[in-house]
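Below is input06.txt, holding compact mmCIF, C-alpha atoms.
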# COMPACT_ATOMS: atom_id res chain seq x y z
CA MET A 51 38.05 59.75 42.73
CA LEU A 52 37.50 56.26 41.37
CA VAL A 53 36.51 55.89 37.71
CA ILE A 54 35.11 52.47 36.89
CA LEU A 55 35.11 51.16 33.32
CA SER A 56 32.89 48.16 32.65
CA GLY A 57 31.75 46.20 29.64
CA VAL A 58 32.08 42.67 28.35
CA ALA A 59 35.50 41.17 27.58
CA GLY A 60 36.66 42.78 24.34
CA ALA A 61 34.81 46.08 24.87
CA GLY A 62 38.12 47.98 24.98
CA LYS A 63 38.40 48.70 28.70
CA ASP A 64 42.12 47.98 28.99
CA THR A 65 43.04 49.93 25.83
CA ILE A 66 41.05 52.96 26.98
CA LYS A 67 42.51 52.78 30.48
CA LYS A 68 46.05 52.81 29.05
CA GLU A 69 45.23 55.82 26.85
CA LEU A 70 43.78 57.76 29.80
CA ILE A 71 46.89 57.09 31.89
CA LYS A 72 49.14 58.22 29.01
CA ARG A 73 47.21 61.40 28.31
CA MET A 74 46.08 62.64 31.72
CA GLU A 75 48.04 63.83 34.74
CA ASN A 76 47.28 62.30 38.12
CA VAL A 77 45.47 59.29 36.58
CA GLU A 78 46.60 55.80 37.55
CA THR A 79 45.24 52.30 37.44
CA LEU A 80 44.78 49.85 40.26
CA PRO A 81 45.47 46.33 39.04
CA SER A 82 43.13 43.69 40.40
CA PHE A 83 44.36 40.51 41.97
CA THR A 84 43.60 37.42 39.88
CA SER A 85 44.08 33.69 39.96
CA ARG A 86 44.19 33.44 36.16
CA PRO A 87 47.50 32.41 34.61
CA GLN A 88 49.83 35.17 33.48
CA ARG A 89 49.68 35.63 29.69
CA GLU A 90 52.29 36.84 27.27
CA GLY A 91 52.57 40.59 27.67
CA ASP A 92 51.15 40.61 31.22
CA VAL A 93 53.20 42.50 33.76
CA GLU A 94 53.01 41.52 37.43
CA GLY A 95 51.61 44.52 39.29
CA GLY A 96 50.92 46.26 35.99
CA THR A 97 48.26 44.18 34.30
CA TYR A 98 47.22 42.26 37.42
CA HIS A 99 48.65 40.96 40.66
CA PHE A 100 48.88 37.24 39.93
CA VAL A 101 48.27 34.74 42.73
CA THR A 102 47.24 31.10 42.87
CA LYS A 103 43.65 30.07 43.61
CA PRO A 104 44.60 28.93 47.15
CA GLU A 105 46.38 32.27 47.76
CA PHE A 106 43.33 34.17 46.48
CA GLU A 107 41.00 32.11 48.68
CA LYS A 108 43.17 32.87 51.72
CA MET A 109 42.99 36.59 50.87
CA ILE A 110 39.18 36.27 50.77
CA GLN A 111 39.19 34.61 54.20
CA ASP A 112 41.44 37.38 55.54
CA GLY A 113 39.01 40.07 54.28
CA GLU A 114 41.54 41.69 51.94
CA PHE A 115 39.10 42.55 49.12
CA TYR A 116 36.44 45.20 48.69
CA GLU A 117 34.93 42.96 46.07
CA TYR A 118 35.80 39.82 44.20
CA ASP A 119 34.13 37.62 41.63
CA ILE A 120 34.75 34.58 39.47
CA HIS A 121 34.96 35.04 35.69
CA HIS A 122 35.85 32.39 33.19
CA ASN A 123 36.76 30.10 36.13
CA ASN A 124 39.24 32.54 37.69
CA TYR A 125 39.02 34.90 40.66
CA TYR A 126 39.36 38.68 40.28
CA GLY A 127 39.30 41.13 43.17
CA THR A 128 40.00 44.69 44.35
CA SER A 129 42.44 45.09 47.24
CA LYS A 130 41.18 47.24 50.12
CA LYS A 131 44.70 48.26 51.14
CA LEU A 132 45.92 49.26 47.66
CA LEU A 133 42.75 51.18 46.76
CA LYS A 134 42.81 53.13 50.04
CA GLN A 135 46.48 54.04 49.51
CA LYS A 136 45.88 55.36 45.98
CA ILE A 137 42.78 57.36 46.90
CA GLU A 138 44.49 58.87 49.95
CA SER A 139 47.38 59.97 47.70
CA GLY A 140 44.90 62.11 45.72
CA LYS A 141 45.18 60.11 42.51
CA ILE A 142 42.32 59.57 40.09
CA ILE A 143 42.04 55.80 39.84
CA VAL A 144 40.77 54.24 36.60
CA LYS A 145 39.79 50.63 37.13
CA ASP A 146 38.07 48.10 34.92
CA ILE A 147 35.60 46.01 36.88
CA ASP A 148 32.65 43.83 35.91
CA VAL A 149 29.06 44.81 36.70
CA ASN A 150 28.90 42.81 39.96
CA GLY A 151 32.10 44.37 41.28
CA THR A 152 30.85 47.81 40.27
CA GLU A 153 27.69 47.38 42.32
CA HIS A 154 29.70 46.25 45.37
CA LEU A 155 32.18 49.14 45.11
CA ILE A 156 29.44 51.73 44.73
CA ASP A 157 27.78 50.44 47.90
CA LEU A 158 31.03 50.19 49.84
CA LEU A 159 32.61 53.49 48.80
CA LYS A 160 29.71 55.88 48.13
CA ASN A 161 30.08 57.68 51.47
CA ASP A 162 33.88 58.03 51.34
CA THR A 163 34.92 58.36 47.71
CA LYS A 164 33.51 59.86 44.54
CA VAL A 165 32.79 56.93 42.22
CA VAL A 166 32.14 57.60 38.51
CA THR A 167 30.88 54.64 36.50
CA ILE A 168 31.18 54.21 32.73
CA PHE A 169 29.84 51.26 30.73
CA LEU A 170 31.34 50.58 27.30
CA ARG A 171 28.96 49.05 24.80
CA VAL A 172 29.96 47.08 21.74
CA PRO A 173 27.58 45.31 19.33
CA LYS A 174 27.64 41.53 19.86
CA GLU A 175 28.87 40.79 16.32
CA GLU A 176 31.70 43.33 16.69
CA LEU A 177 32.58 41.80 20.05
CA ARG A 178 33.03 38.35 18.49
CA LYS A 179 35.41 39.85 15.88
CA ARG A 180 37.44 41.59 18.60
CA LEU A 181 37.68 38.42 20.68
CA GLU A 182 38.77 36.37 17.68
CA THR A 183 41.58 38.80 16.84
CA ARG A 184 42.94 39.33 20.38
CA ILE A 185 46.64 38.83 20.93
CA ASP A 186 46.00 36.21 23.64
CA LYS A 187 43.89 34.17 21.14
CA PRO A 188 41.04 32.86 23.30
CA SER A 189 39.72 29.42 22.41
CA GLU A 190 36.29 29.04 20.81
CA GLU A 191 35.05 27.82 24.20
CA GLU A 192 36.34 31.02 25.89
CA ILE A 193 34.77 33.18 23.18
CA ILE A 194 31.39 31.49 23.67
CA LEU A 195 31.70 31.87 27.46
CA ARG A 196 32.36 35.60 27.07
CA LEU A 197 29.60 36.10 24.50
CA ASN A 198 27.15 34.29 26.79
CA ARG A 199 27.86 36.91 29.47
CA PHE A 200 27.04 39.72 27.03
CA ASP A 201 23.28 39.84 27.75
CA TYR A 202 23.80 39.75 31.51
CA GLU A 203 26.31 42.62 31.42
CA GLU A 204 24.04 44.66 29.12
CA SER A 205 21.08 44.09 31.47
CA ARG A 206 22.94 45.91 34.26
CA ILE A 207 23.71 49.20 32.49
CA ASP A 208 21.26 51.07 34.73
CA LEU A 209 24.00 50.96 37.41
CA TYR A 210 26.18 53.32 35.39
CA ASP A 211 26.46 57.10 35.30
CA TYR A 212 27.53 57.01 31.64
CA VAL A 213 26.97 54.49 28.84
CA LEU A 214 29.14 54.90 25.74
CA LYS A 215 29.22 53.03 22.47
CA ASN A 216 32.88 52.18 21.89
CA ASN A 217 33.18 51.99 18.13
CA ASP A 218 35.82 54.73 17.73
CA LEU A 219 38.73 54.58 20.18
CA GLU A 220 39.84 58.20 19.81
CA LYS A 221 36.32 59.57 20.20
CA THR A 222 35.64 57.33 23.22
CA VAL A 223 38.89 58.36 24.93
CA GLN A 224 38.13 62.06 24.33
CA ILE A 225 34.61 61.69 25.78
CA ILE A 226 35.91 59.87 28.86
CA MET A 227 38.64 62.49 29.41
CA THR A 228 35.92 65.16 29.35
CA ILE A 229 33.81 63.15 31.80
CA ILE A 230 36.75 62.76 34.20
CA ASN A 231 37.65 66.47 34.03
CA ASN A 232 34.02 67.54 34.60
CA GLU A 233 33.50 65.08 37.47
CA LYS A 234 36.77 66.21 39.08
CA MET A 235 35.63 69.86 38.90
CA LEU A 236 32.32 68.91 40.54
CA GLU A 237 34.15 66.96 43.24
CA ASP A 238 36.50 69.87 43.94
CA LYS A 239 33.56 72.33 44.18
CA ALA A 240 31.79 70.04 46.66
CA LYS A 241 34.79 70.03 49.05
Go through the file and emit its structure as structure tokens.
Amino acid sequence: MLVILSGVAGAGKDTIKKELIKRMENVETLPSFTSRPQREGDVEGGTYHFVTKPEFEKMIQDGEFYEYDIHHNNYYGTSKKLLKQKIESGKIIVKDIDVNGTEHLIDLLKNDTKVVTIFLRVPKEELRKRLETRIDKPSEEEIILRLNRFDYEESRIDLYDYVLKNNDLEKTVQIIMTIINNEKMLEDKAK
């Protein structure tokens, strides 16, 4: 089963993903490949798989991604090989992907893999506060770029199975754990 978390930058996707992995058995993440520079605290193969733009473009040419997109002038993409390996191992994969990537993965995987989609909503004013206080300290230009994407991301929430307001981390994590457990039970019954 693949569980997709989406929402604008600063919606809490990464924090929630880490909590789910800590608290639930058989739940793992699948780091995307990216051409963005590695930041303080990033772990190669943990946060992302870091490659250069030319390396990423070669991987696109070689058909190595289920989906990829450009955000904030950097590539991000989901490896076909790594996703297949994790799903075949029986793991529940929790992955944060933008709305475009979500749409592509639903189309590509719907016949082979159970895909559960969750969109995390945050009020725009709260989002600005979160972005301003992030450890990686985005510039004002980056904050504006991310806020400008807010309306587009929000306009695509009809793609998602679940839409949650993320204003209380503990409550949001508990709700998502319940969703995953219920969806897993439904998947197991369908087999």
All residues 12 Å or closer to Met74 in chain A, only C-alpha atoms, same chain fewer than 2 positions away omitted, as a ChimeraX atom specification:
/A:66-72,76-79,141-144,223-224,226-228,230-231
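Ranking A:Met109, A:Leu209, A:Glu220, A:Asp157 by their shortest atom-to-atom distance to Arg73 in chain A, with all atoms listed in the file included, puts A:Glu220 first.
Minimum distance to Met51 in chain A across A:Leu159, A:Leu170, A:Leu195, A:Ile207 (counting all atoms listed in the file) occurs at A:Leu159.
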Compile the contact shell of Gly62 in chain A as number ranges by chain: residues with an atom at most 10 Å away, counting all atoms listed in the file, same-chain residues fewer than 2 positions apart removed.
A: 55-60, 64-67, 146, 170-172, 177, 180, 216-217, 219, 222
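Among the candidates A:Lys108, A:Arg199, A:Leu158, A:Ser82, the residue lying nearest to His122 in chain A is A:Arg199 (atoms considered: only C-alpha atoms).
With all atoms listed in the file as the atoms that count, the minimum distance from Asn198 in chain A to the choices A:Ile120, A:Gly96, A:Asn232, A:Arg178 is reached by A:Arg178.
Of note, CA of Glu237 in chain A and CA of Lys63 in chain A are spaced 23.7 Å apart.
Checking A:Gly91, A:Glu182, A:Lys215, A:Ser85 one by one against Glu107 in chain A, counting all atoms listed in the file, you find the shortest gap at A:Ser85.
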Which protein, DNA or RNA residues have an atom at most 12 Å from (50.5, 31.4, 44.3), counting all atoms listed in the file? List them as an MDAnalysis selection string.
chainID A and resid 83:88 99:109
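Between CA of Leu197 in chain A and CA of Lys174 in chain A lies a distance of 7.4 Å.
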Pick from A:Glu190, A:Asp112, A:Thr128, A:Glu94: nearest to Leu80 in chain A, with only C-alpha atoms counted?
A:Thr128
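Near Val165 in chain A, within a cut-off of 7 Å and counting only C-alpha atoms, sit the residues Met51, Leu52, Val53, Ile156 and Lys160 of chain A, with same-chain residues fewer than 4 positions away left out.
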Separation of CA of Glu176 in chain A and CA of Ala61 in chain A, in Å?
9.2 Å
9 Å contact set for Lys131 in chain A, only C-alpha atoms, chain neighbours under 5 positions out, as a tab-separated table (two decimals) with C-alpha atoms, in the coordinates of the input:
chain	number	residue	atom	x	y	z
A	114	GLU	CA	41.54	41.69	51.94
A	115	PHE	CA	39.10	42.55	49.12
A	136	LYS	CA	45.88	55.36	45.98
